[in-house]
Protein chains: 2
Amino acid sequence: MQSYPSKLLEQAVNELAKLPGIGRKTALRMALQLLKRNVQEVESLGNAVIRMRNDIIYCKECRNISDQDVCSICANPKRDHALVCVVEDIRDVMAIENTGQFGGVYHVLGGIISPMEGIGPQNLHIDALVARVATGTVGEVILALPTTIEGDTTNFYLFRKLAEFNLKLTTIARGVSIGDELEHTDEVTLGRSILNRTPYESGLSRK
Amino acid sequence: MQSYPSKLLEQAVNELAKLPGIGRKTALRMALQLLKRNVQEVESLGNAVIRMRNDIIYCKECRNISDQDVCSICANPKRDHALVCVVEDIRDVMAIENTGQFGGVYHVLGGIISPMEGIGPQNLHIDALVARVATGTVGEVILALPTTIEGDTTNFYLFRKLAEFNLKLTTIARGVSIGDELEHTDEVTLGRSILNRTPYESGLSRK
C-alpha cells in the first residue's frame with residue numbers, strides 16, 4: 001500500500017490518517033468514498049472542520065466550547081453558580097448533562113496533567129479556575145476527573161492550588177458500578193468501595 | 001450524547017460521521033482533536049480533501065485515479081498493453097502492483113454491480129472497457145473482481161458484453177490460500193479447488 005498513483009490522493013490520505021484512530025488503509029477507504037460523493041458534500045466536510053477550528057469560541061466563564069462568549073449553561077440563572085464541577089473536556093460535560101442529576105456549573109480544564117503526553121498545568125485552564133474561586137462566589141468544587149493516575153495527579157495539583165481558599169472540595173463517588181456483580185469488579189475498586197462505605201439509605205441504593 | 005453546546009461543533013461532527021465506519025462518538029473525538037491542532041493543520045486537512053475531489057483526474061485509458069490524462073502505468077511502454085486486468089477500484093491496482101507479478105495494464109470499473117446499493121452497469125466504466133476491447137488491440141482480459149455474489153454477477157455481465165470479441169477471457173485463480181491449513185479452509189473454496197485442480201509443477205507450488 002505504498003505507491004499512490006496520484007499526489008492529490010496521497011495528500012488527502014496523509015491528512016486523513018492524522019485523525020485519531022485512523023490508519024492509512026482506513027484513510028484510503030475514506031478518500032475513495034469522498035471521491036464518489038459529489039463536490040458540494042466534500043466541500044461541506046472540508047469547510048465544516050475549517051470553520052469550526054477558526055470560529056469556535058470558548059466560554060469565558062467555564063472554558064467550554066460555545067458559540068457565544070458565555071455558554072448556555074453559564075448563562076442560565078436557574079443553575080447554581082456556587083457549585084462548580086471540574087471536568088477534563090466537553091464530552092464529560094455532555095455525559096453529566098445527560099444524567100440530569102447536576103444543577104451547578106462546570107469548569108472545563110481542556111485536558112489533564114500528563115507528563116507522558118507533554119501536558120503540564122500551564123497547558124490547562126487551571127489559572128482561570130483559581131481566579132474564579134478567588135472571586136469568593138464559589139462554595140463547592142467537585143473534581144470529576146478520570147480515575148487514572150493522570151486524573152489523580154491533576155486532582156492533587158488542584159487540591160494544592162485551591163487549599164488556601166475557604167471552600168468545600170469533593171470528588172465524584174468511586175465504587176462498584178450500578179448493575180455490576182461484585183465478582184466481576186476489579187480488586188482496587190472493590191477494596192476502595194469497602195473503605196469508603198456510605199450509610200445505608202433504603203430506596204437510594206437502587207436508584 | 002445528543003445536545004452539543006456549539007452549532008459549529010455539531011456541524012463538523014455531522015460531516016465527520018458521514019465518513020465510512022465513523023460513528024458519532026468517534027466523530028466527536030476527531031472534532032475535539034482537530035480543535036487542539038493549530039489552524040494551519042486543520043486547513044490543510046480541509047483543503048486536501050476539497051482539492052482532491054475537485055482536481056483529481058481519471059486516466060482516460062484505464063479510468064484509474066491519476067494526476068495526468070494518462071496514468072503512469074498506461075504511459076509505460078514496457079508494460080504489455082494487450083493484457084488488461086479488470087479490477088473494482090484503485091486499491092486492487094495497488095495490491096496487484098505490490099505483488100510485482102503483473103506486467104500488463106488495468107481497467108478500473110469504479111465499483112461492481114450491486115443492486116442492493118443501487119449500483120448498476122451504467123454506473124461503472126464498462127462501456128469504456130468494451131470500447132477499449134473493440135479497438136482490437138487487447139489479446140486477453142483478466143477478471144480480478146471480488147469472489148462475492150456481486151463480483152460473480154459483474155464477471156458474468158462482462159463475459160456477456162465481451163463474448164462477441166475475439167479475445168481470451170480469464171479470471172484470477174481461486175483456491176486455498178498459500179500457507180493455509182486445509183481443515184481451516186471453507187467448504188466452497190476447498191470444493192472448488194479440487195474441481196479446478198491444476199497439473200503439479202514442482203518448485204512452483206510453494207512459490
# chains A, B, ... in the order shown; residues from 1 in each chain; ligands from 1
$ closest_atom_pairs --of "chain B" --to "chain A" --cutoff "7 Å" --atoms "only C-alpha atoms" --output "JSON lines"
{"residue": "B:Met1", "atom": "CA", "partner": "A:Met94", "partner_atom": "CA", "distance": 6.2}
{"residue": "B:Pro5", "atom": "CA", "partner": "A:Ser66", "partner_atom": "CA", "distance": 5.6}
{"residue": "B:Ser6", "atom": "CA", "partner": "A:Ser66", "partner_atom": "CA", "distance": 4.9}
{"residue": "B:Lys7", "atom": "CA", "partner": "A:Asp67", "partner_atom": "CA", "distance": 6.9}
{"residue": "B:Leu8", "atom": "CA", "partner": "A:Met52", "partner_atom": "CA", "distance": 5.1}
{"residue": "B:Leu9", "atom": "CA", "partner": "A:Met52", "partner_atom": "CA", "distance": 6.0}
{"residue": "B:Gln11", "atom": "CA", "partner": "A:Ala48", "partner_atom": "CA", "distance": 6.3}
{"residue": "B:Ala12", "atom": "CA", "partner": "A:Ala48", "partner_atom": "CA", "distance": 5.0}
{"residue": "B:Glu15", "atom": "CA", "partner": "A:Leu45", "partner_atom": "CA", "distance": 5.2}
{"residue": "B:Leu16", "atom": "CA", "partner": "A:Leu45", "partner_atom": "CA", "distance": 6.9}
{"residue": "B:Leu19", "atom": "CA", "partner": "A:Met30", "partner_atom": "CA", "distance": 6.1}
{"residue": "B:Pro20", "atom": "CA", "partner": "A:Met30", "partner_atom": "CA", "distance": 6.1}
{"residue": "B:Met30", "atom": "CA", "partner": "A:Leu19", "partner_atom": "CA", "distance": 6.1}
{"residue": "B:Leu35", "atom": "CA", "partner": "A:Arg53", "partner_atom": "CA", "distance": 5.5}
{"residue": "B:Val39", "atom": "CA", "partner": "A:Arg53", "partner_atom": "CA", "distance": 6.4}
{"residue": "B:Val42", "atom": "CA", "partner": "A:Ile50", "partner_atom": "CA", "distance": 6.0}
{"residue": "B:Glu43", "atom": "CA", "partner": "A:Ile50", "partner_atom": "CA", "distance": 5.5}
{"residue": "B:Leu45", "atom": "CA", "partner": "A:Glu15", "partner_atom": "CA", "distance": 5.2}
{"residue": "B:Gly46", "atom": "CA", "partner": "A:Gly46", "partner_atom": "CA", "distance": 3.9}
{"residue": "B:Asn47", "atom": "CA", "partner": "A:Gly46", "partner_atom": "CA", "distance": 6.3}
{"residue": "B:Ala48", "atom": "CA", "partner": "A:Ala12", "partner_atom": "CA", "distance": 5.0}
{"residue": "B:Val49", "atom": "CA", "partner": "A:Ala12", "partner_atom": "CA", "distance": 5.3}
{"residue": "B:Ile50", "atom": "CA", "partner": "A:Glu43", "partner_atom": "CA", "distance": 5.5}
{"residue": "B:Met52", "atom": "CA", "partner": "A:Leu8", "partner_atom": "CA", "distance": 5.1}
{"residue": "B:Arg53", "atom": "CA", "partner": "A:Leu35", "partner_atom": "CA", "distance": 5.5}
{"residue": "B:Asn54", "atom": "CA", "partner": "A:Val39", "partner_atom": "CA", "distance": 6.7}
{"residue": "B:Ile56", "atom": "CA", "partner": "A:Leu8", "partner_atom": "CA", "distance": 6.8}
{"residue": "B:Ile65", "atom": "CA", "partner": "A:Ser6", "partner_atom": "CA", "distance": 6.5}
{"residue": "B:Ser66", "atom": "CA", "partner": "A:Ser6", "partner_atom": "CA", "distance": 4.9}
{"residue": "B:Asp67", "atom": "CA", "partner": "A:Ser6", "partner_atom": "CA", "distance": 5.2}
{"residue": "B:Met94", "atom": "CA", "partner": "A:Met1", "partner_atom": "CA", "distance": 6.1}
{"residue": "B:Ala95", "atom": "CA", "partner": "A:Met1", "partner_atom": "CA", "distance": 6.7}
$ select_by_dssp --residues "stretch 50-150 of chain B" --states "helix (DSSP H, G or I)" --output "VMD selection string"
chain B and resid 50 to 55 90 to 99 115 to 117 121 to 123 126 to 134 149 to 150
$ write_last_selection --atoms "C-alpha atoms" --output "PDB file, in the first residue's frame"
ATOM      1  CA  ILE B  50     -11.608  19.506  -1.265  1.00  0.00           C
ATOM      2  CA  ARG B  51      -8.662  19.811  -3.672  1.00  0.00           C
ATOM      3  CA  MET B  52      -8.578  16.041  -4.193  1.00  0.00           C
ATOM      4  CA  ARG B  53     -12.293  15.930  -5.007  1.00  0.00           C
ATOM      5  CA  ASN B  54     -12.149  18.933  -7.349  1.00  0.00           C
ATOM      6  CA  ASP B  55      -8.879  18.345  -9.186  1.00  0.00           C
ATOM      7  CA  ILE B  90      -7.650   1.654  -7.172  1.00  0.00           C
ATOM      8  CA  ARG B  91      -6.927  -0.366  -4.021  1.00  0.00           C
ATOM      9  CA  ASP B  92      -6.858  -3.524  -6.147  1.00  0.00           C
ATOM     10  CA  VAL B  93      -4.433  -1.870  -8.580  1.00  0.00           C
ATOM     11  CA  MET B  94      -2.160  -1.001  -5.652  1.00  0.00           C
ATOM     12  CA  ALA B  95      -2.447  -4.542  -4.210  1.00  0.00           C
ATOM     13  CA  ILE B  96      -1.638  -6.219  -7.542  1.00  0.00           C
ATOM     14  CA  GLU B  97       1.224  -3.784  -8.243  1.00  0.00           C
ATOM     15  CA  ASN B  98       2.669  -4.659  -4.843  1.00  0.00           C
ATOM     16  CA  THR B  99       2.908  -8.332  -5.843  1.00  0.00           C
ATOM     17  CA  PRO B 115     -28.497  -3.913  -6.846  1.00  0.00           C
ATOM     18  CA  MET B 116     -28.595  -3.645  -3.034  1.00  0.00           C
ATOM     19  CA  GLU B 117     -26.509  -0.467  -3.164  1.00  0.00           C
ATOM     20  CA  PRO B 121     -23.682  -1.458 -15.067  1.00  0.00           C
ATOM     21  CA  GLN B 122     -24.390   2.117 -16.195  1.00  0.00           C
ATOM     22  CA  ASN B 123     -22.619   3.443 -13.054  1.00  0.00           C
ATOM     23  CA  ILE B 126     -17.962  -0.876 -18.565  1.00  0.00           C
ATOM     24  CA  ASP B 127     -18.656   0.923 -21.853  1.00  0.00           C
ATOM     25  CA  ALA B 128     -15.102   2.250 -21.774  1.00  0.00           C
ATOM     26  CA  LEU B 129     -13.809  -1.321 -21.374  1.00  0.00           C
ATOM     27  CA  VAL B 130     -15.920  -2.538 -24.293  1.00  0.00           C
ATOM     28  CA  ALA B 131     -14.684   0.382 -26.423  1.00  0.00           C
ATOM     29  CA  ARG B 132     -11.109  -0.457 -25.462  1.00  0.00           C
ATOM     30  CA  VAL B 133     -11.564  -4.096 -26.466  1.00  0.00           C
ATOM     31  CA  ALA B 134     -13.335  -3.076 -29.667  1.00  0.00           C
ATOM     32  CA  ILE B 149     -22.028 -12.669  -5.420  1.00  0.00           C
ATOM     33  CA  GLU B 150     -21.651  -9.090  -6.681  1.00  0.00           C
TER      34      GLU B 150
END
$ residues_around --residues "B:Val141" --least-positions-apart "3" --cutoff "8 Å" --atoms "only C-alpha atoms" --output "ChimeraX atom specification"
/B:83-86,138,167-170
$ residues_around --residues "A:Ala82" --least-positions-apart "6" --cutoff "7 Å" --atoms "only C-alpha atoms" --output "PDB file with C-alpha atoms, in the first residue's frame"
ATOM      1  CA  THR A 137     -18.556  33.267  44.844  1.00  0.00           C
ATOM      2  CA  VAL A 138     -17.790  29.530  44.680  1.00  0.00           C
ATOM      3  CA  GLY A 139     -18.909  27.388  47.640  1.00  0.00           C
ATOM      4  CA  GLU A 140     -18.035  23.895  46.428  1.00  0.00           C
TER       5      GLU A 140
END
$ select_by_dssp --residues "stretch 41-182 of chain A" --states "strand (DSSP E or B)" --output "mmCIF file with N, CA, C and O atoms, in the first residue's frame"
data_model
loop_
_atom_site.group_PDB
_atom_site.id
_atom_site.type_symbol
_atom_site.label_atom_id
_atom_site.label_comp_id
_atom_site.auth_asym_id
_atom_site.auth_seq_id
_atom_site.Cartn_x
_atom_site.Cartn_y
_atom_site.Cartn_z
ATOM 1 N N ILE A 57 -15.652 29.398 19.811
ATOM 2 C CA ILE A 57 -15.390 30.269 20.955
ATOM 3 C C ILE A 57 -15.406 29.392 22.200
ATOM 4 O O ILE A 57 -16.159 28.415 22.273
ATOM 5 N N TYR A 58 -14.560 29.737 23.176
ATOM 6 C CA TYR A 58 -14.609 29.039 24.451
ATOM 7 C C TYR A 58 -15.287 29.981 25.448
ATOM 8 O O TYR A 58 -14.938 31.165 25.520
ATOM 9 N N ILE A 65 -16.618 24.647 25.094
ATOM 10 C CA ILE A 65 -16.823 25.048 23.703
ATOM 11 C C ILE A 65 -18.190 25.705 23.598
ATOM 12 O O ILE A 65 -19.164 25.235 24.181
ATOM 13 N N SER A 66 -18.263 26.786 22.832
ATOM 14 C CA SER A 66 -19.501 27.557 22.783
ATOM 15 C C SER A 66 -19.584 28.329 21.477
ATOM 16 O O SER A 66 -18.603 28.453 20.747
ATOM 17 N N ASP A 80 -26.964 26.654 39.770
ATOM 18 C CA ASP A 80 -26.266 27.067 40.987
ATOM 19 C C ASP A 80 -24.819 27.438 40.648
ATOM 20 O O ASP A 80 -23.975 26.561 40.444
ATOM 21 N N HIS A 81 -24.539 28.749 40.596
ATOM 22 C CA HIS A 81 -23.205 29.193 40.203
ATOM 23 C C HIS A 81 -22.170 29.067 41.318
ATOM 24 O O HIS A 81 -20.985 29.310 41.090
ATOM 25 N N ALA A 82 -22.610 28.665 42.522
ATOM 26 C CA ALA A 82 -21.669 28.453 43.618
ATOM 27 C C ALA A 82 -21.142 27.013 43.632
ATOM 28 O O ALA A 82 -20.248 26.677 44.412
ATOM 29 N N LEU A 83 -21.711 26.163 42.763
ATOM 30 C CA LEU A 83 -21.316 24.750 42.692
ATOM 31 C C LEU A 83 -20.640 24.504 41.341
ATOM 32 O O LEU A 83 -21.285 24.548 40.288
ATOM 33 N N VAL A 84 -19.315 24.267 41.383
ATOM 34 C CA VAL A 84 -18.544 24.158 40.138
ATOM 35 C C VAL A 84 -17.990 22.743 39.995
ATOM 36 O O VAL A 84 -17.302 22.251 40.890
ATOM 37 N N CYS A 85 -18.313 22.099 38.877
ATOM 38 C CA CYS A 85 -17.828 20.746 38.610
ATOM 39 C C CYS A 85 -16.671 20.835 37.617
ATOM 40 O O CYS A 85 -16.843 21.308 36.491
ATOM 41 N N VAL A 86 -15.491 20.363 38.027
ATOM 42 C CA VAL A 86 -14.295 20.436 37.178
ATOM 43 C C VAL A 86 -14.198 19.161 36.345
ATOM 44 O O VAL A 86 -14.191 18.055 36.899
ATOM 45 N N VAL A 87 -14.144 19.308 35.019
ATOM 46 C CA VAL A 87 -14.069 18.145 34.126
ATOM 47 C C VAL A 87 -12.919 18.301 33.140
ATOM 48 O O VAL A 87 -12.380 19.393 32.956
ATOM 49 N N GLY A 104 -25.432 22.505 38.966
ATOM 50 C CA GLY A 104 -24.427 23.556 39.084
ATOM 51 C C GLY A 104 -23.857 23.952 37.735
ATOM 52 O O GLY A 104 -24.499 23.756 36.704
ATOM 53 N N VAL A 105 -22.651 24.528 37.764
ATOM 54 C CA VAL A 105 -21.979 24.903 36.514
ATOM 55 C C VAL A 105 -20.668 24.122 36.412
ATOM 56 O O VAL A 105 -20.308 23.362 37.320
ATOM 57 N N TYR A 106 -19.974 24.283 35.273
ATOM 58 C CA TYR A 106 -18.770 23.486 35.015
ATOM 59 C C TYR A 106 -17.528 24.358 34.946
ATOM 60 O O TYR A 106 -17.614 25.582 34.788
ATOM 61 N N HIS A 107 -16.383 23.687 35.050
ATOM 62 C CA HIS A 107 -15.133 24.306 34.618
ATOM 63 C C HIS A 107 -14.371 23.257 33.804
ATOM 64 O O HIS A 107 -14.035 22.180 34.317
ATOM 65 N N VAL A 108 -14.122 23.569 32.532
ATOM 66 C CA VAL A 108 -13.501 22.610 31.622
ATOM 67 C C VAL A 108 -12.001 22.876 31.576
ATOM 68 O O VAL A 108 -11.568 23.954 31.166
ATOM 69 N N SER A 114 -0.443 15.305 32.135
ATOM 70 C CA SER A 114 0.094 14.051 31.622
ATOM 71 C C SER A 114 1.506 14.288 31.119
ATOM 72 O O SER A 114 1.701 14.681 29.964
ATOM 73 N N ILE A 119 1.741 17.309 28.642
ATOM 74 C CA ILE A 119 0.722 18.255 29.082
ATOM 75 C C ILE A 119 0.955 18.599 30.546
ATOM 76 O O ILE A 119 0.848 17.740 31.423
ATOM 77 N N GLU A 140 -18.511 25.275 46.507
ATOM 78 C CA GLU A 140 -18.035 23.895 46.428
ATOM 79 C C GLU A 140 -17.475 23.614 45.040
ATOM 80 O O GLU A 140 -18.064 24.022 44.028
ATOM 81 N N VAL A 141 -16.324 22.927 45.017
ATOM 82 C CA VAL A 141 -15.744 22.467 43.753
ATOM 83 C C VAL A 141 -15.763 20.949 43.763
ATOM 84 O O VAL A 141 -15.232 20.318 44.679
ATOM 85 N N ILE A 142 -16.423 20.374 42.756
ATOM 86 C CA ILE A 142 -16.447 18.908 42.611
ATOM 87 C C ILE A 142 -15.410 18.525 41.562
ATOM 88 O O ILE A 142 -15.478 19.004 40.424
ATOM 89 N N LEU A 143 -14.456 17.669 41.911
ATOM 90 C CA LEU A 143 -13.480 17.181 40.942
ATOM 91 C C LEU A 143 -14.052 15.940 40.254
ATOM 92 O O LEU A 143 -14.233 14.909 40.903
ATOM 93 N N LYS A 168 -15.525 24.004 49.942
ATOM 94 C CA LYS A 168 -15.664 22.560 50.071
ATOM 95 C C LYS A 168 -15.123 21.938 48.788
ATOM 96 O O LYS A 168 -15.502 22.336 47.677
ATOM 97 N N LEU A 169 -14.199 20.983 48.918
ATOM 98 C CA LEU A 169 -13.618 20.329 47.737
ATOM 99 C C LEU A 169 -14.009 18.851 47.782
ATOM 100 O O LEU A 169 -13.680 18.145 48.737
ATOM 101 N N THR A 170 -14.727 18.383 46.767
ATOM 102 C CA THR A 170 -15.191 16.986 46.759
ATOM 103 C C THR A 170 -14.767 16.306 45.461
ATOM 104 O O THR A 170 -14.388 16.968 44.495
ATOM 105 N N THR A 171 -14.806 14.964 45.464
ATOM 106 C CA THR A 171 -14.649 14.235 44.194
ATOM 107 C C THR A 171 -15.891 13.383 43.990
ATOM 108 O O THR A 171 -16.592 13.068 44.941
#
$ atom_distance --atom1 "atom CA of B:Glu88" --atom2 "atom CA of B:Gly111"
4.9 Å
$ atom_distance --atom1 "atom CA of A:Ile112" --atom2 "atom CA of A:Asn76"
26.9 Å
$ residues_around --residues "A:Tyr157" --least-positions-apart "4" --cutoff "9 Å" --atoms "only C-alpha atoms" --output "number ranges by chain"
A: 113, 121, 152-153, 161-162
$ atom_distance --atom1 "atom CA of B:Glu61" --atom2 "atom CA of B:His125"
10.8 Å
$ closest_residue --among "B:Ile194, B:Leu124, B:Leu182, B:Ile172" --to "B:Leu158" --atoms "only C-alpha atoms"
B:Leu124
